[in-house]
Amino acid sequence: MGGDVGHVLEAIARAAQRHDRPDLRARVEVAQARLADPACRVVVCGEFKKGKSSLVNALLGARVCATDADVATAIPTYVRYGERLEAHVLDEESPGSSRGAAVTAAELDTVATGHAGPSARALEILLPRELLADGLVLVDTPGISGGLASTHAGIALRALAVADVLVFVTDAGAELGAAEIEFLTQAAALCPVVLGAVTRVDLYPQWRRIVAADADHLRAAGLDIDLFPLSAPLRHHGLREGDRDLLLESGYPQLTARLAAEHARVAGSGGASAAAVGASVVGQLVAELTAQRRALDADPAAQEQRQAWARAREQAADLRTAGSRWQQVLFDRMADLGAEVELDLTVRIRALRREASERIAQMPPARLAADLGPWLQQRTTELLLDHQSVVRSHADQVADAVAEQFGSAAAELRRGLDLGGDEPAPARDIAFAPTGSASASRLDMGLVALRGGSAGAMISHAAGLVLGLAFPVVLPAALVLSTVLAGKSWQSAQKAQLRALRADTDRAVAGYLEEVDTAARKDTRDAVRRLQRRLRETFSARASELFTTATRSAESLSTSLTGDDEARATRRAALDSELDALRGLQREVGALLTGLLPVAA
């Protein structure tokens, strides 16, 4: 189907070129470029040491990801099709970032496990495999031990921002935990398709019970996720021996078939978008040539048509001006959007700051350093995900408002305008490192107590001298007073130490949230600017197209009556032939679009 769309788009591009419409041809060429890159990104993620890298290797039948027991993936690894094996470091985490230094096969594990230095933000591997040939891209991500509390959760979630399919990996050794269910709930809101892979079924005889229990947990959480039991050793053994039964038993053919089906779905969606562009372009060409044909026939309605095209030209001219209504709406709504998302982030950060302060005040000192970091990391990840959802929701509202002011010509534009597929801004993970006060040693605390006890002894001795009491009488009182004052001193020192620890931890939290706020605010502002630029450029380009179509149609109605009968007859024949061809393209692209669009239930 994609080849059919490409063929029709090429014919429409040639037609736009014949009729001197470089603006329309440029839009078709953009659609052709998108159609030529039918990438379907499959993100593989899960807890540490659950078999993510082994799954990628088994799918490809090649060892491209590190799987040793003492190493783990530390940066995203993008595996895509190439004529030969080659690898490059990427400057940023996003798949479209510029390539850095080449990586040899011997260096792959070093780079993927994060031992190549901080400049290696991601790794891209090209591999000649049939599974990847049509544009499928496998993305191996770092483990997310601890769910959203993991320091690597941000990397996996940013990868999901550009993912078409998520394959969440767990193994048959234990049921899904609360942290994994929580991560899947968040991921399902970001990725359109989520699949579950239960690995190492060859190692655990009870794997069927585990898979059934996992399915129950997912249903209880309201998640519709298909589970695929998998065995990488059976897959590799089946490939070596050419044993079809072993291959089927490994579960990988079933997973591969599902990924191929999802790839076809993604490609179909891209084909529908490209076909919609073709239908819009050929529609404008048909309208322009129809106006010329009517003028040549001295159609009684030609005058009315000239007036209609003149009005359309005026409307299109108004749409092109900086003071047009849609431009004003765009400016006003983007200003409101910027203020609203900034306020949203401020409110969320402040609320988390208060929540953290309350938790620090209530948490036992012995658990402060161990428990606060994971909790704060998780809450921060949840905060940023919720904030991102708010930004996307407001972005959709702005686009709808602008399209409404632009007019009916924007309906097709708005449907094809992808606001959620924007490349995420590259951001390094910000880790929380508590810097509490160094706890006092027992010797220091003993010295504090000793000073309190000494004070008690001195007070007792002075009282005995003043009152003329004998030493045997003063001694018991001195011991009691020294003990009481020593205990009070010990308790005061402990309270002072705890206050210092909580104050230092509170300052560490404030510093961490300030870093998070600064980074998130910059990313949000960049996203708002990109959105405004995209909307302005998209709708301005369409206004120019409409203006050109209206202008040329009005001019053709005014000039086509000139010339002798023979010239007009020749022109009529040429226009009839061209209109027949364009209407044929119109029917063809309409049929393709009908076949590619989803059928309503």
# chains A, B, ... in the order shown; residues from 1 in each chain; ligands from 1

$ closest_atom_pairs --of "range 251-286 of chain A" --to "range 236-244 of chain A" --cutoff "12 Å" --atoms "only C-alpha atoms" --output "JSON lines"
{"residue": "A:Gly251", "atom": "CA", "partner": "A:Gly238", "partner_atom": "CA", "distance": 11.3}
{"residue": "A:Tyr252", "atom": "CA", "partner": "A:His236", "partner_atom": "CA", "distance": 10.2}
{"residue": "A:Pro253", "atom": "CA", "partner": "A:Arg244", "partner_atom": "CA", "distance": 9.9}

$ atom_distance --atom1 "CA of Thr77 in chain A" --atom2 "CA of Gly271 in chain A"
27.5 Å

$ residues_around --residues "Arg34 in chain A" --least-positions-apart "3" --cutoff "10 Å" --atoms "only C-alpha atoms" --output "list of chain:residue names"
A:Val28, A:Glu29, A:Val30, A:Ala31, A:Asp37, A:Pro38, A:Ala39, A:Gly270, A:Gly271, A:Ser273, A:Ala274

$ write_last_selection --atoms "N, CA, C and O atoms" --output "tab-separated table (two decimals), in the first residue's frame"
chain	number	residue	atom	x	y	z
A	28	VAL	N	4.16	18.13	-1.31
A	28	VAL	CA	4.14	16.71	-1.68
A	28	VAL	C	5.50	16.07	-1.39
A	28	VAL	O	5.59	14.93	-0.92
A	29	GLU	N	6.57	16.80	-1.65
A	29	GLU	CA	7.91	16.25	-1.43
A	29	GLU	C	8.16	15.99	0.06
A	29	GLU	O	8.83	15.01	0.42
A	30	VAL	N	7.63	16.84	0.91
A	30	VAL	CA	7.75	16.60	2.35
A	30	VAL	C	7.02	15.30	2.73
A	30	VAL	O	7.53	14.48	3.51
A	31	ALA	N	5.82	15.12	2.18
A	31	ALA	CA	5.06	13.89	2.44
A	31	ALA	C	5.80	12.67	1.90
A	31	ALA	O	5.80	11.60	2.53
A	37	ASP	N	10.58	7.08	4.96
A	37	ASP	CA	11.24	6.69	6.20
A	37	ASP	C	10.20	6.13	7.15
A	37	ASP	O	9.80	6.76	8.12
A	38	PRO	N	9.73	4.89	6.88
A	38	PRO	CA	8.64	4.31	7.68
A	38	PRO	C	9.15	3.70	8.98
A	38	PRO	O	8.94	2.52	9.27
A	39	ALA	N	9.86	4.50	9.78
A	39	ALA	CA	10.46	3.98	11.00
A	39	ALA	C	9.38	3.61	12.00
A	39	ALA	O	8.42	4.34	12.21
A	270	GLY	N	1.23	6.35	8.42
A	270	GLY	CA	2.04	7.30	7.64
A	270	GLY	C	1.55	7.41	6.22
A	270	GLY	O	1.55	8.50	5.62
A	271	GLY	N	1.09	6.29	5.65
A	271	GLY	CA	0.56	6.32	4.30
A	271	GLY	C	-0.73	7.12	4.21
A	271	GLY	O	-0.96	7.85	3.24
A	273	SER	N	-1.55	9.66	6.15
A	273	SER	CA	-1.18	11.08	6.24
A	273	SER	C	-0.65	11.59	4.90
A	273	SER	O	-1.01	12.69	4.45
A	274	ALA	N	0.19	10.78	4.24
A	274	ALA	CA	0.73	11.18	2.94
A	274	ALA	C	-0.37	11.25	1.89
A	274	ALA	O	-0.40	12.17	1.05

$ atom_distance --atom1 "CA of Ala220 in chain A" --atom2 "CA of Gln186 in chain A"
15.2 Å

$ residues_around --residues "Val329 in chain A" --least-positions-apart "2" --cutoff "12 Å" --atoms "only C-alpha atoms" --output "list of chain:residue names"
A:Ala322, A:Gly323, A:Ser324, A:Arg325, A:Trp326, A:Gln327, A:Phe331, A:Asp332, A:Arg333, A:Met334, A:Ala335, A:Asp336, A:Leu337, A:Gln397, A:Val398, A:Ala399, A:Asp400, A:Ala401, A:Val402, A:Ala403, A:Glu404, A:Gln405, A:Phe406, A:Gln532, A:Leu535, A:Arg536

$ closest_residue --among "A:Val286, A:Val56, A:Leu385, A:Val42" --to "Gly584 in chain A" --atoms "only C-alpha atoms"
A:Val286

$ residues_around --residues "Leu352 in chain A" --least-positions-apart "4" --cutoff "10 Å" --atoms "only C-alpha atoms" --output "ChimeraX atom specification"
/A:346-348,356-358,376,379-380,383,509,513

$ write_last_selection --atoms "C-alpha atoms" --output "compact mmCIF listing (two decimals), in the first residue's frame"
# COMPACT_ATOMS: atom_id res chain seq x y z
CA THR A 346 5.80 26.21 39.78
CA VAL A 347 2.78 24.86 41.68
CA ARG A 348 3.92 21.26 41.27
CA ALA A 356 9.43 16.54 50.99
CA SER A 357 9.84 18.85 54.02
CA GLU A 358 6.99 17.08 55.81
CA LEU A 376 12.03 11.91 45.78
CA ARG A 379 7.83 11.76 42.83
CA THR A 380 9.93 13.98 40.56
CA LEU A 383 5.64 15.34 38.49
CA VAL A 509 16.19 18.71 48.51
CA LEU A 513 14.37 20.65 43.05

$ closest_residue --among "A:Ser577, A:Ser393, A:Thr594, A:Gln586" --to "Glu340 in chain A" --atoms "only C-alpha atoms"
A:Ser393

$ closest_residue --among "A:Ile349, A:Leu131, A:Ala275, A:Leu255" --to "Leu9 in chain A" --atoms "only C-alpha atoms"
A:Ala275

$ atom_distance --atom1 "CA of Asp214 in chain A" --atom2 "CA of Leu227 in chain A"
8.4 Å

$ residues_around --residues "Leu123 in chain A" --least-positions-apart "5" --cutoff "8 Å" --atoms "only C-alpha atoms" --output "list in words"
Ile75, Pro76, Thr77, Tyr78, Ala87, His88, Val89, Leu90, Val111 and Ala112 of chain A

$ write_last_selection --atoms "N, CA, C and O atoms" --output "mmCIF file, in the first residue's frame"
data_model
loop_
_atom_site.group_PDB
_atom_site.id
_atom_site.type_symbol
_atom_site.label_atom_id
_atom_site.label_comp_id
_atom_site.auth_asym_id
_atom_site.auth_seq_id
_atom_site.Cartn_x
_atom_site.Cartn_y
_atom_site.Cartn_z
ATOM 1 N N ILE A 75 23.180 3.322 28.467
ATOM 2 C CA ILE A 75 22.702 4.370 27.565
ATOM 3 C C ILE A 75 21.775 3.732 26.538
ATOM 4 O O ILE A 75 21.872 2.536 26.259
ATOM 5 N N PRO A 76 20.833 4.492 25.958
ATOM 6 C CA PRO A 76 19.953 3.912 24.933
ATOM 7 C C PRO A 76 20.759 3.420 23.726
ATOM 8 O O PRO A 76 21.693 4.087 23.283
ATOM 9 N N THR A 77 20.382 2.253 23.225
ATOM 10 C CA THR A 77 21.048 1.669 22.055
ATOM 11 C C THR A 77 20.011 1.470 20.957
ATOM 12 O O THR A 77 19.043 0.719 21.140
ATOM 13 N N TYR A 78 20.184 2.175 19.832
ATOM 14 C CA TYR A 78 19.254 2.103 18.698
ATOM 15 C C TYR A 78 19.834 1.141 17.660
ATOM 16 O O TYR A 78 20.940 1.355 17.152
ATOM 17 N N ALA A 87 28.655 0.951 13.784
ATOM 18 C CA ALA A 87 28.083 1.582 14.972
ATOM 19 C C ALA A 87 28.682 2.959 15.164
ATOM 20 O O ALA A 87 29.831 3.219 14.777
ATOM 21 N N HIS A 88 27.895 3.846 15.779
ATOM 22 C CA HIS A 88 28.334 5.213 16.049
ATOM 23 C C HIS A 88 27.777 5.661 17.395
ATOM 24 O O HIS A 88 26.685 5.262 17.800
ATOM 25 N N VAL A 89 28.535 6.509 18.056
ATOM 26 C CA VAL A 89 28.043 7.190 19.241
ATOM 27 C C VAL A 89 27.130 8.331 18.784
ATOM 28 O O VAL A 89 27.403 8.990 17.780
ATOM 29 N N LEU A 90 26.021 8.549 19.505
ATOM 30 C CA LEU A 90 25.133 9.675 19.220
ATOM 31 C C LEU A 90 25.374 10.773 20.243
ATOM 32 O O LEU A 90 25.607 10.509 21.425
ATOM 33 N N VAL A 111 30.939 0.902 25.241
ATOM 34 C CA VAL A 111 30.121 2.107 25.045
ATOM 35 C C VAL A 111 28.729 1.908 25.626
ATOM 36 O O VAL A 111 28.210 2.764 26.349
ATOM 37 N N ALA A 112 28.093 0.758 25.330
ATOM 38 C CA ALA A 112 26.717 0.529 25.768
ATOM 39 C C ALA A 112 26.588 0.489 27.281
ATOM 40 O O ALA A 112 25.543 0.860 27.837
#

$ residues_around --residues "Pro205 in chain A" --least-positions-apart "5" --cutoff "12 Å" --atoms "only C-alpha atoms" --output "list of chain:residue names"
A:Ala172, A:Gly173, A:Ala174, A:Arg200, A:Ile210, A:Val211

$ closest_residue --among "A:Tyr512, A:Tyr81, A:Trp375, A:Phe183" --to "Asp134 in chain A" --atoms "only C-alpha atoms"
A:Tyr81

$ closest_residue --among "A:Leu592, A:Thr548, A:Leu138, A:Leu203" --to "Leu234 in chain A" --atoms "only C-alpha atoms"
A:Leu203

$ decode --residues "range 120-144 of chain A" --atoms "C-alpha atoms" --output "PDB file, in the first residue's frame"
ATOM      1  CA  ALA A 120      28.418   8.986  24.799  1.00  0.00           C
ATOM      2  CA  ARG A 121      24.725   9.806  25.280  1.00  0.00           C
ATOM      3  CA  ALA A 122      23.394   6.999  23.032  1.00  0.00           C
ATOM      4  CA  LEU A 123      24.605   4.312  20.645  1.00  0.00           C
ATOM      5  CA  GLU A 124      23.391   3.546  17.118  1.00  0.00           C
ATOM      6  CA  ILE A 125      24.074   0.139  15.551  1.00  0.00           C
ATOM      7  CA  LEU A 126      23.393  -0.655  11.889  1.00  0.00           C
ATOM      8  CA  LEU A 127      22.828  -4.325  11.103  1.00  0.00           C
ATOM      9  CA  PRO A 128      21.818  -6.216   7.925  1.00  0.00           C
ATOM     10  CA  ARG A 129      18.747  -8.088   9.226  1.00  0.00           C
ATOM     11  CA  GLU A 130      15.470  -8.755   7.409  1.00  0.00           C
ATOM     12  CA  LEU A 131      13.463  -7.807  10.518  1.00  0.00           C
ATOM     13  CA  LEU A 132      14.907  -4.278  10.319  1.00  0.00           C
ATOM     14  CA  ALA A 133      14.868  -3.879   6.540  1.00  0.00           C
ATOM     15  CA  ASP A 134      11.488  -2.118   6.321  1.00  0.00           C
ATOM     16  CA  GLY A 135      12.257   0.467   8.984  1.00  0.00           C
ATOM     17  CA  LEU A 136      11.822  -1.345  12.311  1.00  0.00           C
ATOM     18  CA  VAL A 137      14.146   0.110  14.976  1.00  0.00           C
ATOM     19  CA  LEU A 138      14.862  -1.722  18.248  1.00  0.00           C
ATOM     20  CA  VAL A 139      15.793   0.444  21.237  1.00  0.00           C
ATOM     21  CA  ASP A 140      17.537  -1.209  24.204  1.00  0.00           C
ATOM     22  CA  THR A 141      17.247   1.009  27.307  1.00  0.00           C
ATOM     23  CA  PRO A 142      18.953   1.001  30.740  1.00  0.00           C
ATOM     24  CA  GLY A 143      17.295  -1.002  33.507  1.00  0.00           C
ATOM     25  CA  ILE A 144      14.740   0.746  35.698  1.00  0.00           C
TER      26      ILE A 144
END
